[in-house]
Amino acid sequence: MEKSIETIWKEGFLKNDALVAPKLNDLYNQKSIHIIDKFKRMFKINLNALVVFSFVFLVISFLGKIPVVGVLMFILFNVIVIVNKKLFKGLNKIDKNVSSYLYLKSFDDWMKEQISINIKMSRYIYPYVFLAMISGFWFSNNFQETLNRIFGNYEAYMLYGIPVFWVLGILFIVMLLAIFGGRIYKWDLNIVYGRILKKLDETLADMEELRAST
Amino acid sequence: MSSDFYTSSILPYSGIIIKICRAYTDSQEDFEDYYQEVCLQIWRSKDRFRGDSKWSTWIYRLSLNICLTLIKKKKKNRQHHTSDYSLQDEKTEDSRAFSDESLNLLYDAIRRLSEIDRAVILLYLEEKPNKEIADIIGTTPNNIGVRVNRIKERLKKLLDGKVN
């Protein structure tokens with residue numbers, strides 16, 4: 001006679017070996033490797049995308065007759081890529097033959113250093129981007145024609161051939177961008193890497209709690 | 001995870017977690033991953049336990065939800081990596097996790113059920129009342145009654161002649 005599924009279940013689990021719990025061991029190690037590998041992949045993809053974008057932007061700027069913007073942005077994007085590739089080399093130097101906590105901690109330290117360097121750079125990058133845009137448009141004939149149409153015969157005070165109110169306005173915006181460059185970068189960073197950084201913080205917090213309780 | 005919490009609050013209920021994880025995995029490696037993930041999530045969510053239900057019921061609910069999430073993630077990954085993957089073609093491996101051959105066969109059959117049916121039959125086999133199963137699954141006790149009968153018929157067919 002066939003056994004019912006209820007009997008199979010009950011009898012099967014009466015045997016000692018049926019409910020042996022696996023050891024909790026390698027989970028954090030797997031998680032740390034996974035987090036760092038994921039970040040490395042994303043970082044590489046983003047740097048390569050930036051290089052591609054710099055070329056696309058350059059071509060578009062020539063087609064749009066604002067080559068100055070294109071050239072200046074091309075230089076900027078590639079400087080960012082070179083700096084970050086150098087930083088990335090530091091990430092590859094992190095010793096994997098340590099505990100998962102130390103591995104993640106080294107990664108976190110690297111990340112903090114990388115963010116701090118990029119924050120410092122951002123104080124110059126965002127004003128540079130703004131000035132590149134302004135100068136690009138300033139040297140564009142279409143833009144000059146549009147300005148003439150808007151302002152007509154209005155005679156402004158000039159400084160080196162540029163209206164004073166323009167210079168003041170530009171300086172004001174450049175100052176704001178220099179002050180808030182770091183914050184803009186952090187906001188930007190959060191959009192791209194926010195989830196992975198949150199995961200890193202959570203895992204580190206878990207591991208620190210674990211270390212404290214043992 | 002603090003070892004105290006694991007020993008006092010998870011280990012006594014590890015049987016429940018093992019039974020659930022086995023039903024949603026087809027290899028020892030996956031089983032261990034799922035088990036560890038469930039334990040980790042229980043520990044992380046422990047502060048959210050308000051005592052509305054028994055701790056064991058809460059563990060049941062959490063374990064099922066975590067396994068369902070993990071299995072969905074796994075399917076998604078597989079679909080990403082293999083374009084010709086189809087859910088209908090999914091085969092369960094014979095993991096031979098238990099020394100009791102009948103139990104291995106029963107688990108093989110359970111793994112052929114849909115994810116929700118697996119949850120229902122696991123809870124039924126653990127002698128949970130229909131109302132509690134309905135609460136966990138999110139349906140009515142009547143629906144559970146009908147569903148359990150249908151699942152048992154299906155399992156009977158799948159095991160036909162294999163178990164004595």
# chains A, B, ... in the order shown; residues from 1 in each chain; ligands from 1
call {"tool": "select_by_dssp", "arguments": {"residues": "chain B", "states": "alpha helix (DSSP H)", "output": "ChimeraX atom specification"}}
result
/B:3-5,14-24,28-45,55-81,101-111,115-125,130-137,141-159
call {"tool": "closest_residue", "arguments": {"among": "B:Arg154, B:Arg147, B:Arg112, B:Arg48", "to": "chain A", "atoms": "only C-alpha atoms"}}
result
B:Arg154
call {"tool": "select_by_dssp", "arguments": {"residues": "segment 39-173 of chain A", "states": "strand (DSSP E)", "output": "ChimeraX atom specification"}}
result
/A:158-159,162-163
call {"tool": "closest_residue", "arguments": {"among": "A:Ile173, A:Ile5, A:Glu209, A:Ser54", "to": "Ile80 of chain A", "atoms": "only C-alpha atoms"}}
result
A:Ser54
call {"tool": "residues_around", "arguments": {"residues": "segment 133-147 of chain A", "least_positions_apart": "5", "cutoff": "6 Å", "atoms": "only C-alpha atoms", "output": "PDB file with C-alpha atoms, in the first residue's frame"}}
result
ATOM      1  CA  ILE A  66      29.855  75.518 -30.893  1.00  0.00           C
ATOM      2  CA  VAL A  68      34.769  75.685 -28.220  1.00  0.00           C
ATOM      3  CA  VAL A  69      32.291  73.993 -25.852  1.00  0.00           C
TER       4      VAL A  69
END
call {"tool": "closest_atom_pairs", "arguments": {"of": "segment 168-194 of chain A", "to": "segment 42-53 of chain A", "cutoff": "12 Å", "atoms": "only C-alpha atoms", "output": "Markdown table"}}
result
| residue | atom | partner | partner_atom | distance |
| --- | --- | --- | --- | --- |
| A:Leu189 | CA | A:Phe43 | CA | 11.2 |
| A:Val192 | CA | A:Met42 | CA | 8.9 |
| A:Tyr193 | CA | A:Met42 | CA | 8.4 |
| A:Gly194 | CA | A:Met42 | CA | 11.9 |
call {"tool": "write_last_selection", "arguments": {"atoms": "N, CA and C atoms", "output": "PDB file, in the first residue's frame"}}
result
ATOM      1  N   LEU A 189      26.661  61.499  -7.338  1.00  0.00           N
ATOM      2  CA  LEU A 189      27.194  60.201  -6.895  1.00  0.00           C
ATOM      3  C   LEU A 189      26.076  59.320  -6.346  1.00  0.00           C
ATOM      4  N   VAL A 192      23.995  57.711  -9.115  1.00  0.00           N
ATOM      5  CA  VAL A 192      24.639  56.595  -9.827  1.00  0.00           C
ATOM      6  C   VAL A 192      24.967  55.423  -8.892  1.00  0.00           C
ATOM      7  N   TYR A 193      25.607  55.705  -7.758  1.00  0.00           N
ATOM      8  CA  TYR A 193      26.092  54.615  -6.908  1.00  0.00           C
ATOM      9  C   TYR A 193      25.348  54.512  -5.573  1.00  0.00           C
ATOM     10  N   GLY A 194      24.274  55.287  -5.408  1.00  0.00           N
ATOM     11  CA  GLY A 194      23.573  55.347  -4.115  1.00  0.00           C
ATOM     12  C   GLY A 194      23.234  53.994  -3.540  1.00  0.00           C
TER      13      GLY A 194
END
call {"tool": "residues_around", "arguments": {"residues": "Phe49 of chain B", "least_positions_apart": "5", "cutoff": "10 Å", "atoms": "only C-alpha atoms", "output": "number ranges by chain"}}
result
B: 42, 54-55, 58-59
call {"tool": "write_last_selection", "arguments": {"atoms": "C-alpha atoms", "output": "short mmCIF file (atom, residue, chain, number, x, y, z; two decimals), in the first residue's frame"}}
result
data_model
loop_
_atom_site.label_atom_id
_atom_site.label_comp_id
_atom_site.auth_asym_id
_atom_site.auth_seq_id
_atom_site.Cartn_x
_atom_site.Cartn_y
_atom_site.Cartn_z
CA ILE B 42 15.37 37.17 10.20
CA LYS B 54 3.81 33.29 17.21
CA TRP B 55 7.53 33.66 16.58
CA TRP B 58 6.56 34.88 11.80
CA ILE B 59 9.64 32.85 10.85
#
call {"tool": "closest_residue", "arguments": {"among": "B:Ile144, B:Leu11, B:Val120, B:Leu62", "to": "Arg44 of chain B", "atoms": "only C-alpha atoms"}}
result
B:Leu62
call {"tool": "atom_distance", "arguments": {"atom1": "atom CA of Asp160 of chain B", "atom2": "atom CA of Cys21 of chain B"}}
result
24.7 Å
call {"tool": "closest_residue", "arguments": {"among": "A:Ile196, A:Leu159, A:Met121, A:Ile82", "to": "Arg183 of chain A", "atoms": "only C-alpha atoms"}}
result
A:Met121
call {"tool": "closest_residue", "arguments": {"among": "B:Glu126, B:Asp135, B:Asp100, B:Asp108", "to": "chain A", "atoms": "only C-alpha atoms"}}
result
B:Asp100
call {"tool": "residues_around", "arguments": {"residues": "Ala178 of chain A", "least_positions_apart": "4", "cutoff": "7 Å", "atoms": "only C-alpha atoms", "output": "list in words"}}
result
Arg123, Tyr124, Tyr126, Pro127 and Val174 of chain A
call {"tool": "atom_distance", "arguments": {"atom1": "atom CA of Tyr34 of chain B", "atom2": "atom CA of Ser8 of chain B"}}
result
20.1 Å
call {"tool": "decode", "arguments": {"residues": "segment 125-159 of chain B", "atoms": "N, CA and C atoms", "output": "tab-separated table (two decimals), in the first residue's frame"}}
result
chain	number	residue	atom	x	y	z
B	125	LEU	N	1.49	20.42	5.41
B	125	LEU	CA	2.22	19.27	5.96
B	125	LEU	C	2.75	19.55	7.36
B	126	GLU	N	2.94	20.83	7.66
B	126	GLU	CA	3.37	21.22	9.01
B	126	GLU	C	2.18	21.35	9.96
B	127	GLU	N	1.03	20.91	9.45
B	127	GLU	CA	-0.23	20.87	10.23
B	127	GLU	C	-0.70	22.25	10.69
B	128	LYS	N	-0.44	23.24	9.87
B	128	LYS	CA	-0.98	24.57	10.17
B	128	LYS	C	-2.45	24.58	9.78
B	129	PRO	N	-3.32	25.18	10.59
B	129	PRO	CA	-4.74	25.24	10.20
B	129	PRO	C	-4.94	26.09	8.96
B	130	ASN	N	-6.02	25.79	8.23
B	130	ASN	CA	-6.28	26.51	6.97
B	130	ASN	C	-6.32	28.02	7.16
B	131	LYS	N	-6.82	28.45	8.32
B	131	LYS	CA	-6.93	29.89	8.54
B	131	LYS	C	-5.53	30.54	8.59
B	132	GLU	N	-4.63	29.84	9.29
B	132	GLU	CA	-3.26	30.38	9.40
B	132	GLU	C	-2.56	30.37	8.04
B	133	ILE	N	-2.79	29.28	7.28
B	133	ILE	CA	-2.19	29.22	5.94
B	133	ILE	C	-2.74	30.37	5.09
B	134	ALA	N	-4.06	30.56	5.20
B	134	ALA	CA	-4.71	31.62	4.42
B	134	ALA	C	-4.14	32.99	4.80
B	135	ASP	N	-3.90	33.19	6.09
B	135	ASP	CA	-3.32	34.46	6.55
B	135	ASP	C	-1.94	34.68	5.97
B	136	ILE	N	-1.15	33.60	5.99
B	136	ILE	CA	0.24	33.72	5.50
B	136	ILE	C	0.25	33.95	3.99
B	137	ILE	N	-0.58	33.19	3.29
B	137	ILE	CA	-0.57	33.27	1.82
B	137	ILE	C	-1.34	34.49	1.32
B	138	GLY	N	-2.33	34.90	2.10
B	138	GLY	CA	-3.13	36.05	1.69
B	138	GLY	C	-4.35	35.66	0.88
B	139	THR	N	-5.07	34.65	1.37
B	139	THR	CA	-6.30	34.23	0.68
B	139	THR	C	-7.31	33.78	1.74
B	140	THR	N	-8.37	33.06	1.30
B	140	THR	CA	-9.39	32.65	2.27
B	140	THR	C	-9.17	31.18	2.68
B	141	PRO	N	-9.62	30.80	3.88
B	141	PRO	CA	-9.46	29.40	4.31
B	141	PRO	C	-10.13	28.42	3.35
B	142	ASN	N	-11.29	28.80	2.79
B	142	ASN	CA	-11.97	27.92	1.83
B	142	ASN	C	-11.10	27.65	0.62
B	143	ASN	N	-10.50	28.71	0.14
B	143	ASN	CA	-9.63	28.59	-1.03
B	143	ASN	C	-8.47	27.63	-0.72
B	144	ILE	N	-7.95	27.75	0.50
B	144	ILE	CA	-6.83	26.87	0.90
B	144	ILE	C	-7.29	25.41	0.91
B	145	GLY	N	-8.51	25.17	1.46
B	145	GLY	CA	-9.04	23.81	1.51
B	145	GLY	C	-9.08	23.19	0.13
B	146	VAL	N	-9.64	23.92	-0.81
B	146	VAL	CA	-9.77	23.42	-2.20
B	146	VAL	C	-8.38	23.22	-2.80
B	147	ARG	N	-7.53	24.18	-2.55
B	147	ARG	CA	-6.19	24.16	-3.13
B	147	ARG	C	-5.38	22.97	-2.61
B	148	VAL	N	-5.48	22.72	-1.31
B	148	VAL	CA	-4.73	21.61	-0.71
B	148	VAL	C	-5.14	20.29	-1.36
B	149	ASN	N	-6.46	20.11	-1.54
B	149	ASN	CA	-6.92	18.88	-2.18
B	149	ASN	C	-6.36	18.72	-3.58
B	150	ARG	N	-6.37	19.82	-4.31
B	150	ARG	CA	-5.87	19.79	-5.69
B	150	ARG	C	-4.37	19.47	-5.71
B	151	ILE	N	-3.65	20.09	-4.78
B	151	ILE	CA	-2.19	19.86	-4.73
B	151	ILE	C	-1.90	18.41	-4.35
B	152	LYS	N	-2.66	17.91	-3.40
B	152	LYS	CA	-2.43	16.52	-2.97
B	152	LYS	C	-2.67	15.56	-4.13
B	153	GLU	N	-3.71	15.82	-4.93
B	153	GLU	CA	-3.99	14.99	-6.10
B	153	GLU	C	-2.80	15.02	-7.06
B	154	ARG	N	-2.29	16.24	-7.28
B	154	ARG	CA	-1.16	16.43	-8.20
B	154	ARG	C	0.06	15.66	-7.68
B	155	LEU	N	0.32	15.78	-6.38
B	155	LEU	CA	1.48	15.10	-5.80
B	155	LEU	C	1.32	13.58	-5.90
B	156	LYS	N	0.10	13.15	-5.68
B	156	LYS	CA	-0.19	11.72	-5.76
B	156	LYS	C	0.14	11.20	-7.16
B	157	LYS	N	-0.25	11.97	-8.15
B	157	LYS	CA	0.04	11.57	-9.53
B	157	LYS	C	1.55	11.55	-9.80
B	158	LEU	N	2.22	12.58	-9.29
B	158	LEU	CA	3.67	12.68	-9.51
B	158	LEU	C	4.43	11.55	-8.82
B	159	LEU	N	3.85	11.09	-7.67
B	159	LEU	CA	4.54	10.04	-6.91
B	159	LEU	C	4.03	8.65	-7.28
